[in-house]
Each structure stands twice: as C-alpha cells, then as structure tokens.
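The file structure.csv comes next; it holds CSV, C-alpha atoms.
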```
chain,number,residue,atom,x,y,z
A,1,MET,CA,0.0,0.0,0.0
A,2,GLY,CA,1.3,3.5,-0.8
A,3,ASN,CA,1.7,6.4,1.6
A,4,PRO,CA,-1.7,8.0,2.2
A,5,ASP,CA,-0.1,11.3,3.2
A,6,ALA,CA,1.8,11.6,-0.1
A,7,PRO,CA,0.4,14.3,-2.4
A,8,THR,CA,-1.7,12.9,-5.3
A,9,ASP,CA,-1.0,14.2,-8.8
A,10,GLY,CA,-2.7,17.5,-9.3
A,11,LEU,CA,-4.4,17.4,-5.9
A,12,PRO,CA,-3.3,19.5,-2.9
A,13,PRO,CA,-1.9,17.5,0.0
A,14,VAL,CA,-3.9,17.3,3.2
A,15,ASP,CA,-1.9,17.9,6.4
A,16,PRO,CA,-2.4,14.7,8.4
A,17,LEU,CA,-1.5,16.5,11.7
A,18,ILE,CA,-4.5,18.8,11.3
A,19,HIS,CA,-6.8,16.2,9.7
A,20,ALA,CA,-7.3,14.3,12.9
A,21,PRO,CA,-10.8,15.3,14.3
A,22,ALA,CA,-9.5,16.3,17.7
A,23,ARG,CA,-6.6,18.4,16.4
A,24,LEU,CA,-8.9,20.0,13.7
A,25,ALA,CA,-11.2,21.1,16.5
A,26,ILE,CA,-8.3,22.6,18.5
A,27,MET,CA,-6.9,24.4,15.4
A,28,ALA,CA,-10.3,25.8,14.4
A,29,THR,CA,-11.0,26.9,17.9
A,30,LEU,CA,-7.6,28.7,18.1
A,31,ALA,CA,-8.0,30.2,14.6
A,32,VAL,CA,-10.9,32.4,15.7
A,33,VAL,CA,-9.3,33.8,18.9
A,34,ASP,CA,-6.0,35.4,19.7
A,35,GLU,CA,-5.4,33.0,22.6
A,36,ALA,CA,-7.4,30.6,24.7
A,37,ASP,CA,-6.7,28.8,27.9
A,38,PHE,CA,-6.9,25.0,28.6
A,39,ARG,CA,-10.3,25.1,30.2
A,40,TYR,CA,-11.9,26.9,27.2
A,41,LEU,CA,-10.3,24.4,24.8
A,42,LEU,CA,-11.6,21.5,27.0
A,43,ARG,CA,-15.1,22.8,26.8
A,44,ALA,CA,-15.0,23.8,23.1
A,45,THR,CA,-13.6,20.5,21.9
A,46,GLY,CA,-15.2,18.1,24.4
A,47,LEU,CA,-11.9,16.2,24.8
A,48,THR,CA,-10.7,14.8,28.1
A,49,LYS,CA,-7.8,16.6,29.9
A,50,GLY,CA,-5.2,13.9,29.0
A,51,ASN,CA,-6.4,13.7,25.4
A,52,LEU,CA,-6.3,17.5,25.0
A,53,SER,CA,-2.9,17.8,26.6
A,54,ALA,CA,-1.5,15.1,24.3
A,55,HIS,CA,-2.9,16.7,21.1
A,56,LEU,CA,-1.7,20.2,22.2
A,57,ASN,CA,1.8,18.8,22.7
A,58,LYS,CA,1.8,17.3,19.2
A,59,LEU,CA,0.7,20.6,17.7
A,60,ALA,CA,3.3,22.5,19.7
A,61,ALA,CA,6.0,20.1,18.6
A,62,ALA,CA,5.1,20.8,15.0
A,63,GLY,CA,5.3,24.5,15.7
A,64,TYR,CA,1.6,25.1,14.9
A,65,ILE,CA,0.7,26.4,18.4
A,66,HIS,CA,2.6,28.2,21.1
A,67,ILE,CA,1.9,27.2,24.7
A,68,THR,CA,2.5,29.6,27.6
A,69,LYS,CA,2.4,28.1,31.1
A,70,THR,CA,1.9,30.7,33.8
A,71,PHE,CA,0.0,31.2,37.1
A,72,ARG,CA,-3.2,32.9,37.9
A,73,GLY,CA,-3.2,33.4,41.6
A,74,LYS,CA,-1.8,30.1,43.0
A,75,TYR,CA,-3.2,28.0,40.1
A,76,PRO,CA,-1.4,27.0,36.9
A,77,TRP,CA,-2.8,28.7,33.8
A,78,THR,CA,-2.1,27.3,30.3
A,79,LEU,CA,-2.6,29.6,27.4
A,80,CYS,CA,-2.4,28.5,23.8
A,81,ARG,CA,-2.2,30.4,20.6
A,82,LEU,CA,-1.7,29.7,16.9
A,83,THR,CA,1.7,30.6,15.6
A,84,PRO,CA,1.9,32.3,12.1
A,85,GLN,CA,3.1,28.9,10.8
A,86,GLY,CA,0.1,27.2,12.3
A,87,ARG,CA,-2.3,29.7,10.9
A,88,ALA,CA,-0.9,29.3,7.5
A,89,ALA,CA,-1.0,25.5,7.8
A,90,PHE,CA,-4.7,25.7,8.8
A,91,GLU,CA,-5.5,28.0,5.9
A,92,ARG,CA,-3.8,25.5,3.5
A,93,TYR,CA,-5.7,22.7,5.1
A,94,ARG,CA,-9.0,24.5,4.6
A,95,ARG,CA,-8.2,25.3,1.0
A,96,ALA,CA,-7.2,21.7,0.3
A,97,MET,CA,-10.4,20.4,1.9
A,98,ALA,CA,-12.5,22.9,-0.1
A,99,HIS,CA,-10.8,21.7,-3.2
A,100,TYR,CA,-11.5,18.0,-2.4
A,101,LEU,CA,-15.1,18.7,-1.4
A,102,GLY,CA,-15.6,20.7,-4.6
A,103,LEU,CA,-14.3,17.8,-6.6
A,104,ALA,CA,-16.4,15.3,-4.7
A,105,SER,CA,-19.6,17.3,-5.3
A,106,GLY,CA,-18.7,17.8,-8.9
A,107,SER,CA,-18.2,14.1,-9.6
A,108,ALA,CA,-21.3,13.2,-7.6
A,109,LEU,CA,-23.4,15.5,-9.8
A,110,GLN,CA,-21.8,14.0,-12.9
A,111,SER,CA,-22.7,10.5,-11.8
A,112,GLY,CA,-26.2,11.6,-10.9
A,113,VAL,CA,-25.8,11.1,-7.1
A,114,THR,CA,-26.7,14.0,-4.7
A,115,SER,CA,-24.8,14.6,-1.4
A,116,ALA,CA,-27.7,12.9,0.4
A,117,GLY,CA,-26.9,9.8,-1.6
A,118,GLU,CA,-30.1,9.9,-3.7
A,119,ASP,CA,-29.9,8.9,-7.3
A,120,THR,CA,-31.1,11.7,-9.5
A,121,SER,CA,-30.1,10.1,-12.9
A,122,ALA,CA,-33.4,8.3,-13.2
A,123,PRO,CA,-36.0,10.2,-15.4
B,1,MET,CA,-16.2,14.2,21.5
B,2,ALA,CA,-19.0,16.6,22.7
B,3,GLY,CA,-17.8,19.6,20.6
B,4,VAL,CA,-17.8,17.7,17.4
B,5,VAL,CA,-16.8,19.8,14.3
B,6,SER,CA,-19.6,19.9,11.7
B,7,GLY,CA,-19.5,21.7,8.4
B,8,ASP,CA,-16.8,24.4,8.0
B,9,PRO,CA,-14.5,24.2,11.0
B,10,LEU,CA,-14.1,27.9,11.2
B,11,ARG,CA,-17.9,28.6,11.3
B,12,TRP,CA,-18.2,25.9,13.9
B,13,ALA,CA,-15.5,27.5,16.1
B,14,GLU,CA,-17.0,31.0,15.6
B,15,GLY,CA,-20.4,29.7,16.7
B,16,THR,CA,-18.9,28.1,19.8
B,17,LEU,CA,-17.1,31.4,20.6
B,18,ARG,CA,-20.3,33.5,20.1
B,19,ARG,CA,-22.2,31.2,22.5
B,20,TYR,CA,-19.3,31.5,24.9
B,21,TRP,CA,-19.5,35.3,24.9
B,22,SER,CA,-23.3,35.7,25.2
B,23,GLU,CA,-24.2,32.6,27.4
B,24,ASP,CA,-23.6,34.3,30.8
B,25,GLY,CA,-25.7,37.3,30.2
B,26,LEU,CA,-23.4,39.7,32.1
B,27,ALA,CA,-23.1,42.1,29.1
B,28,ASP,CA,-26.9,42.3,28.9
B,29,VAL,CA,-27.0,43.2,32.6
B,30,VAL,CA,-24.4,46.0,32.1
B,31,VAL,CA,-26.2,47.3,29.0
B,32,GLY,CA,-29.6,47.1,30.7
B,33,LEU,CA,-28.4,49.0,33.8
B,34,PHE,CA,-26.8,51.6,31.5
B,35,LEU,CA,-30.1,52.1,29.6
B,36,LEU,CA,-32.0,52.4,32.9
B,37,ALA,CA,-29.6,55.0,34.2
B,38,TYR,CA,-29.5,56.8,30.8
B,39,GLY,CA,-33.3,56.8,30.4
B,40,GLY,CA,-33.6,58.2,34.0
B,41,LEU,CA,-31.2,61.0,33.3
B,42,PHE,CA,-32.7,61.7,29.9
B,43,GLY,CA,-36.1,62.0,31.5
B,44,LEU,CA,-34.7,64.4,34.2
B,45,GLY,CA,-33.0,66.4,31.5
B,46,GLN,CA,-36.3,67.3,29.9
B,47,HIS,CA,-37.2,69.6,32.8
B,48,PRO,CA,-35.9,73.2,32.8
B,49,HIS,CA,-33.0,73.8,35.3
B,50,ALA,CA,-31.8,70.2,34.9
B,51,ALA,CA,-28.7,70.9,32.7
B,52,TRP,CA,-26.7,68.7,35.1
B,53,ALA,CA,-28.8,65.7,34.2
B,54,ARG,CA,-28.2,66.3,30.4
B,55,LEU,CA,-24.5,66.7,31.1
B,56,LEU,CA,-24.4,63.6,33.3
B,57,ALA,CA,-26.2,61.6,30.5
B,58,VAL,CA,-23.6,62.6,28.0
B,59,GLY,CA,-20.8,61.7,30.5
B,60,LEU,CA,-22.5,58.3,31.1
B,61,ALA,CA,-22.7,57.6,27.4
B,62,VAL,CA,-19.1,58.4,26.9
B,63,GLY,CA,-18.1,56.4,30.0
B,64,MET,CA,-20.1,53.5,28.7
B,65,ALA,CA,-18.5,53.6,25.3
B,66,LEU,CA,-15.1,53.6,26.8
B,67,GLY,CA,-15.5,51.5,29.9
B,68,ALA,CA,-18.2,48.9,29.1
B,69,ARG,CA,-15.8,46.4,27.6
B,70,PRO,CA,-13.2,46.6,30.5
B,71,LEU,CA,-16.0,46.4,33.0
B,72,VAL,CA,-17.6,43.3,31.5
B,73,HIS,CA,-14.1,41.8,31.3
B,74,ARG,CA,-13.5,42.4,35.0
B,75,LEU,CA,-16.9,40.9,35.9
B,76,LYS,CA,-16.2,37.9,33.7
B,77,MET,CA,-12.8,37.4,35.3
B,78,ARG,CA,-14.5,37.1,38.6
B,79,TRP,CA,-17.5,34.9,37.6
B,80,VAL,CA,-17.1,33.4,34.1
B,81,TYR,CA,-13.5,32.6,33.2
B,82,PRO,CA,-12.9,30.3,36.2
B,83,ARG,CA,-15.9,28.3,35.2
B,84,VAL,CA,-15.7,28.0,31.4
B,85,GLY,CA,-12.2,29.2,30.6
B,86,TYR,CA,-10.8,32.2,28.9
B,87,ALA,CA,-10.6,33.1,25.2
B,88,ARG,CA,-9.2,36.4,24.0
B,89,PRO,CA,-11.1,37.6,20.9
B,90,ARG,CA,-9.2,38.0,17.7
B,91,THR,CA,-7.5,41.3,17.1
B,92,TRP,CA,-8.6,42.3,13.7
B,93,PRO,CA,-6.4,44.3,11.3
B,94,ARG,CA,-6.2,48.0,11.9
B,95,GLY,CA,-8.1,48.9,8.7
B,96,GLN,CA,-11.0,46.6,9.5
B,97,ARG,CA,-11.2,48.0,13.1
B,98,LEU,CA,-11.2,51.6,11.8
B,99,ARG,CA,-14.0,50.8,9.3
B,100,ARG,CA,-16.1,49.2,12.0
B,101,ALA,CA,-15.6,52.2,14.3
B,102,ALA,CA,-16.4,54.6,11.5
B,103,TRP,CA,-19.7,52.8,10.9
B,104,MET,CA,-20.6,52.9,14.6
B,105,VAL,CA,-19.8,56.6,14.8
B,106,ALA,CA,-21.8,57.3,11.6
B,107,GLY,CA,-24.8,55.4,12.9
B,108,GLY,CA,-24.7,57.2,16.3
B,109,ALA,CA,-24.4,60.6,14.5
B,110,ILE,CA,-27.4,59.8,12.3
B,111,LEU,CA,-29.4,58.8,15.3
B,112,LEU,CA,-28.4,61.9,17.2
B,113,VAL,CA,-29.3,64.1,14.2
B,114,LEU,CA,-32.7,62.5,13.9
B,115,LEU,CA,-33.4,62.8,17.6
B,116,LEU,CA,-32.0,66.2,18.5
B,117,VAL,CA,-31.2,68.4,15.4
B,118,LEU,CA,-34.3,67.5,13.4
B,119,ASP,CA,-36.3,67.7,16.6
B,120,LEU,CA,-38.2,64.5,15.7
B,121,PRO,CA,-41.5,64.4,17.6
B,122,ALA,CA,-41.4,62.2,20.7
B,123,ARG,CA,-43.7,59.7,19.0
B,124,GLY,CA,-41.5,59.4,15.9
B,125,ALA,CA,-38.4,59.1,18.1
B,126,CYS,CA,-40.0,56.3,20.0
B,127,LEU,CA,-41.0,54.4,16.9
B,128,LEU,CA,-37.5,54.8,15.4
B,129,MET,CA,-35.8,53.7,18.6
B,130,GLY,CA,-38.1,50.7,19.0
B,131,ALA,CA,-37.6,49.6,15.4
B,132,LEU,CA,-33.8,50.0,15.8
B,133,MET,CA,-33.7,48.1,19.0
B,134,ALA,CA,-35.9,45.3,17.6
B,135,ALA,CA,-33.6,45.0,14.6
B,136,LEU,CA,-30.5,45.0,16.8
B,137,TRP,CA,-31.9,42.4,19.2
B,138,GLY,CA,-33.3,40.3,16.4
B,139,TRP,CA,-29.9,40.2,14.7
B,140,LEU,CA,-28.1,39.4,18.0
B,141,GLY,CA,-30.6,36.6,18.7
B,142,TRP,CA,-30.0,35.1,15.2
B,143,ARG,CA,-26.2,35.5,15.4
B,144,HIS,CA,-25.8,34.1,18.9
B,145,ARG,CA,-28.7,31.6,18.8
B,146,ALA,CA,-29.8,33.1,22.1
B,147,PRO,CA,-33.6,33.1,22.6
B,148,ARG,CA,-33.6,35.9,25.1
B,149,TYR,CA,-32.5,38.4,22.4
B,150,GLY,CA,-35.5,37.1,20.4
B,151,LEU,CA,-37.7,37.9,23.3
B,152,LEU,CA,-36.4,41.4,23.6
B,153,ALA,CA,-36.8,41.9,19.8
B,154,ALA,CA,-40.4,40.6,20.0
B,155,PHE,CA,-41.1,42.9,23.0
B,156,SER,CA,-39.8,45.9,21.1
B,157,LEU,CA,-41.8,45.0,17.9
B,158,LEU,CA,-45.0,44.4,19.9
B,159,TRP,CA,-44.6,47.8,21.5
B,160,VAL,CA,-43.8,49.5,18.2
B,161,GLY,CA,-46.9,47.9,16.7
B,162,TRP,CA,-49.1,48.9,19.6
B,163,LEU,CA,-47.8,52.5,19.4
B,164,SER,CA,-48.4,52.6,15.6
B,165,ALA,CA,-52.0,51.3,16.0
B,166,ARG,CA,-52.8,54.2,18.3
B,167,PRO,CA,-52.1,57.5,16.5
B,168,GLY,CA,-53.2,59.7,19.4
B,169,LEU,CA,-50.9,58.2,21.9
B,170,THR,CA,-47.9,60.2,23.1
B,171,CYS,CA,-44.6,58.5,24.0
B,172,ASP,CA,-41.8,59.4,26.3
B,173,VAL,CA,-38.4,58.3,25.1
B,174,ALA,CA,-37.0,58.1,28.6
B,175,VAL,CA,-39.7,55.6,29.6
B,176,VAL,CA,-38.9,53.5,26.6
B,177,LEU,CA,-35.2,53.5,27.3
B,178,MET,CA,-35.9,52.5,30.9
B,179,ALA,CA,-38.4,49.8,29.9
B,180,LEU,CA,-35.8,48.3,27.5
B,181,GLY,CA,-33.1,48.6,30.1
B,182,PHE,CA,-35.3,46.8,32.7
B,183,MET,CA,-36.1,44.0,30.3
B,184,SER,CA,-32.4,43.6,29.3
B,185,THR,CA,-31.3,43.6,32.9
B,186,VAL,CA,-33.9,41.0,34.0
B,187,LEU,CA,-33.3,38.7,31.1
B,188,GLY,CA,-29.5,39.0,31.5
B,189,ALA,CA,-29.8,38.3,35.2
B,190,VAL,CA,-31.8,35.2,34.5
B,191,ALA,CA,-29.3,34.1,31.9
B,192,PHE,CA,-26.5,34.7,34.5
B,193,TRP,CA,-28.3,32.7,37.2
B,194,ARG,CA,-28.8,29.8,34.8
B,195,PHE,CA,-25.2,30.0,33.7
B,196,LEU,CA,-24.0,29.8,37.4
B,197,ARG,CA,-26.2,26.8,37.9
B,198,ARG,CA,-25.1,25.1,34.7
B,199,TYR,CA,-21.4,25.6,35.3
B,200,PRO,CA,-20.4,25.3,39.0
B,201,LEU,CA,-16.9,26.3,40.0
B,202,PRO,CA,-14.6,23.4,39.2
B,203,THR,CA,-13.0,21.8,42.2
B,204,THR,CA,-9.7,21.4,40.4
B,205,PRO,CA,-7.7,24.2,38.7
B,206,GLY,CA,-8.1,24.1,35.0
B,207,GLY,CA,-4.7,25.1,33.8
B,208,ALA,CA,-3.3,21.6,33.3
```
Spit out the file's structure as structure tokens when you get a sec.
Amino acid sequence: MGNPDAPTDGLPPVDPLIHAPARLAIMATLAVVDEADFRYLLRATGLTKGNLSAHLNKLAAAGYIHITKTFRGKYPWTLCRLTPQGRAAFERYRRAMAHYLGLASGSALQSGVTSAGEDTSAP
Amino acid sequence: MAGVVSGDPLRWAEGTLRRYWSEDGLADVVVGLFLLAYGGLFGLGQHPHAAWARLLAVGLAVGMALGARPLVHRLKMRWVYPRVGYARPRTWPRGQRLRRAAWMVAGGAILLVLLLVLDLPARGACLLMGALMAALWGWLGWRHRAPRYGLLAAFSLLWVGWLSARPGLTCDVAVVLMALGFMSTVLGAVAFWRFLRRYPLPTTPGGA
C-alpha cells in the first residue's frame, strides 16, 4: 500500500496533523481567537484533559501552536495560541479540503448522485 | 467528543465562541443598567433647570462607550472565566477596526441628528428607537442563537406595533429606554443565574 499522506498528482496535500478530528477542533478553535486557555479548549472541543494535553503537545512540537504556562493566583494557567506557521497551515488545510469537497460534489453530480446519496439520474 | 466539528470548522468555532460570549448574560445586565440610568437622566434632563442631568447623561454615554468592555471583562474574570475558561477575541487588522468604528460613529451621529437636530416628535423618536432596538436584538438573537434576544426583539416589535396602531398616543423616550433597560437587565440576570447553575466552580484548577 502507498503512503496515504503523499500528495496525489494535481491534488493539494492534506496535512495529516490537522486532519485528525480532535486536532482539527483545536486548530479551528484557536483560529478564531487570539489565545485561549486550557479550560476553554476543554469545553469547546469536548476532549478529556489527558487527550487534549497530548494533542496540544503534538501541535506544539510541529510548531503550529505556542503554549505559555503561567500562574493565575496560585493555580497554573495554560494559554495556547496559533503561531503564524500554524495559521498558514490551517489555511492551507481549509483550501485543500474545499478543493476536495468541490471535486467530490462535482463528480457526484456527474454520476447523478446527490450529497444525500439519492440517485437523480433516473428520469 | 462533545464539541464535534460539523461543516466548515471555522464557522463551527465561531459559533462556539459566540455562544461562549453571550451565554452568561453579564453584558446584557451591564447594557440594561446603562439604559435604565441613561433613560432616567434623559427624563430628568427634559425639565428646565436640569442641565446637570443632560451633562451627566452625555458623560454616562461616553463612559459606557469607553468603559463597558473593560467592566464586562472584569466581571467575567470574577465569575465566568474560572468556570468555562478564557478566550481572548481575535484582534482584527487595523483597517477593519477603523472601518467598524467609522460605521458605529456614523450610525450614532445619524441617530443623534434624527433625535436632536431635526427635533423629531417624541412619537416618531419612540417608533424609530423601538424599530432599531428590535432590529438589533433580532440580529443578535439570530447570530448568537440566544432566545432571550429574540424575546427582547419581540417585546420591542410588539410595542412599536401597539404605538403605531394608536395614533393619538404620546410616547416618552425616557420611559422607553428605561423599559428596554429593565427587560435587558432582568433577562441578562436570569441568563447569568442559569449560567452559574449550569457551570459550578470546578474543584480542580483548569490550567493543566
């Protein structure tokens, strides 16, 4: 089997790091704010603490997000923000997905199948 | 995953953020109290020898324009962020911010001209204000998916309709402002009470 992450001829590559549902939720959440703390991300994404922490670390290791650990009063406070690199990667991902979805809906129309799966080719 | 991404991820995230901003109702309470106070001062300012009330009303409006956001932020720091987390809104490019500010100033100026310079009759001013408030609250309700804004819009529309149906009826702008302020405060306080019940203070610190 070939590498699923490799770019297909003529088609934009999809970033596998962002394509995972949990990380996509994190990236999208951070894309519409300047920064957000761990509790906000927990609530917005619906992930567990351990799961969210693991995904944040993966994104930070790739340079897509910047994590600041500080204190608010006597409690630790973790703030996350997208880096310019992360924002650009997310934009590329959105463009690639829009391209794929456009292709998919185009081919579905050609073969007479709507997005709901109904066959429209019959007279 | 509770917050599952559906459709365009950015629109999903923006919807989540909008609900986060409006769910607690604190901004509505602040705006409602401002309308109550402003309506009271506006009413007092109608009487002769009450220049101080008119001056205070202008001061209050300027103070609100400059201080409402920091005030709501401080209240949220105390009551909201420890419960549901903190998200700092996106800082938009300078050009976009300037355009938005220019639109707001232009809108305010047009309203002022209609109310003061053209000396619109009280009845006309009431109808205009009611229609504007209904449009604003309707838009907020649709954008934030918050039924309480829909209620406020419906209240404003009902009242505009009632006033239109009775041509002989006079209307006091101060009373309208105070009524809208009262409604906003009450509905905001109910939303805040429900928010506190829905999200109790967590027993463990959130900054893992």
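Counting from CA of Ile26 in chain A, the distance to CA of Pro9 in chain B is 9.9 Å.
If only C-alpha atoms are the atoms counted, then among B:Leu66, B:Pro89, B:Leu177, B:Leu75 the closest residue to Val30 in chain B is B:Leu75.
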Env of range 48-61 of chain A: 12 Å cut, atoms = all atoms listed in the file, seq-sep filter 4 positions within chain, self excluded. Answer as a VMD selection string. (chain A and resid 15 to 27 30 37 to 44 65 to 68 78 to 83 85 to 87 89 to 90) or (chain B and resid 1 to 3 204 to 208)
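Proximity ranking of A:Gly102, A:Gly63, A:Val14, A:Glu91 relative to chain B places A:Glu91 first, based on only C-alpha atoms.
Rounded to one decimal, CA of Ala134 in chain B and CA of His73 in chain B lie 26.0 Å from each other.
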At what distance in Å, to one decimal, does CA of Ala174 in chain B lie from CA of His47 in chain B? 12.2 Å
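Considering the residues B:Ala87, B:Val175, B:Ala37, B:Ala51 and counting all atoms listed in the file, chain A has its shortest atom-to-atom contact with B:Ala87.
Residue nearest chain B within the list A:Pro12, A:Ala96, A:Tyr64, A:Lys74: A:Lys74 [criterion: smallest interatomic distance, only C-alpha atoms].
Of the listed residues (A:Leu103, A:Ala88, A:Leu47, A:Ala28), A:Ala28 comes nearest to Asp8 in chain B; the distances count all atoms listed in the file.
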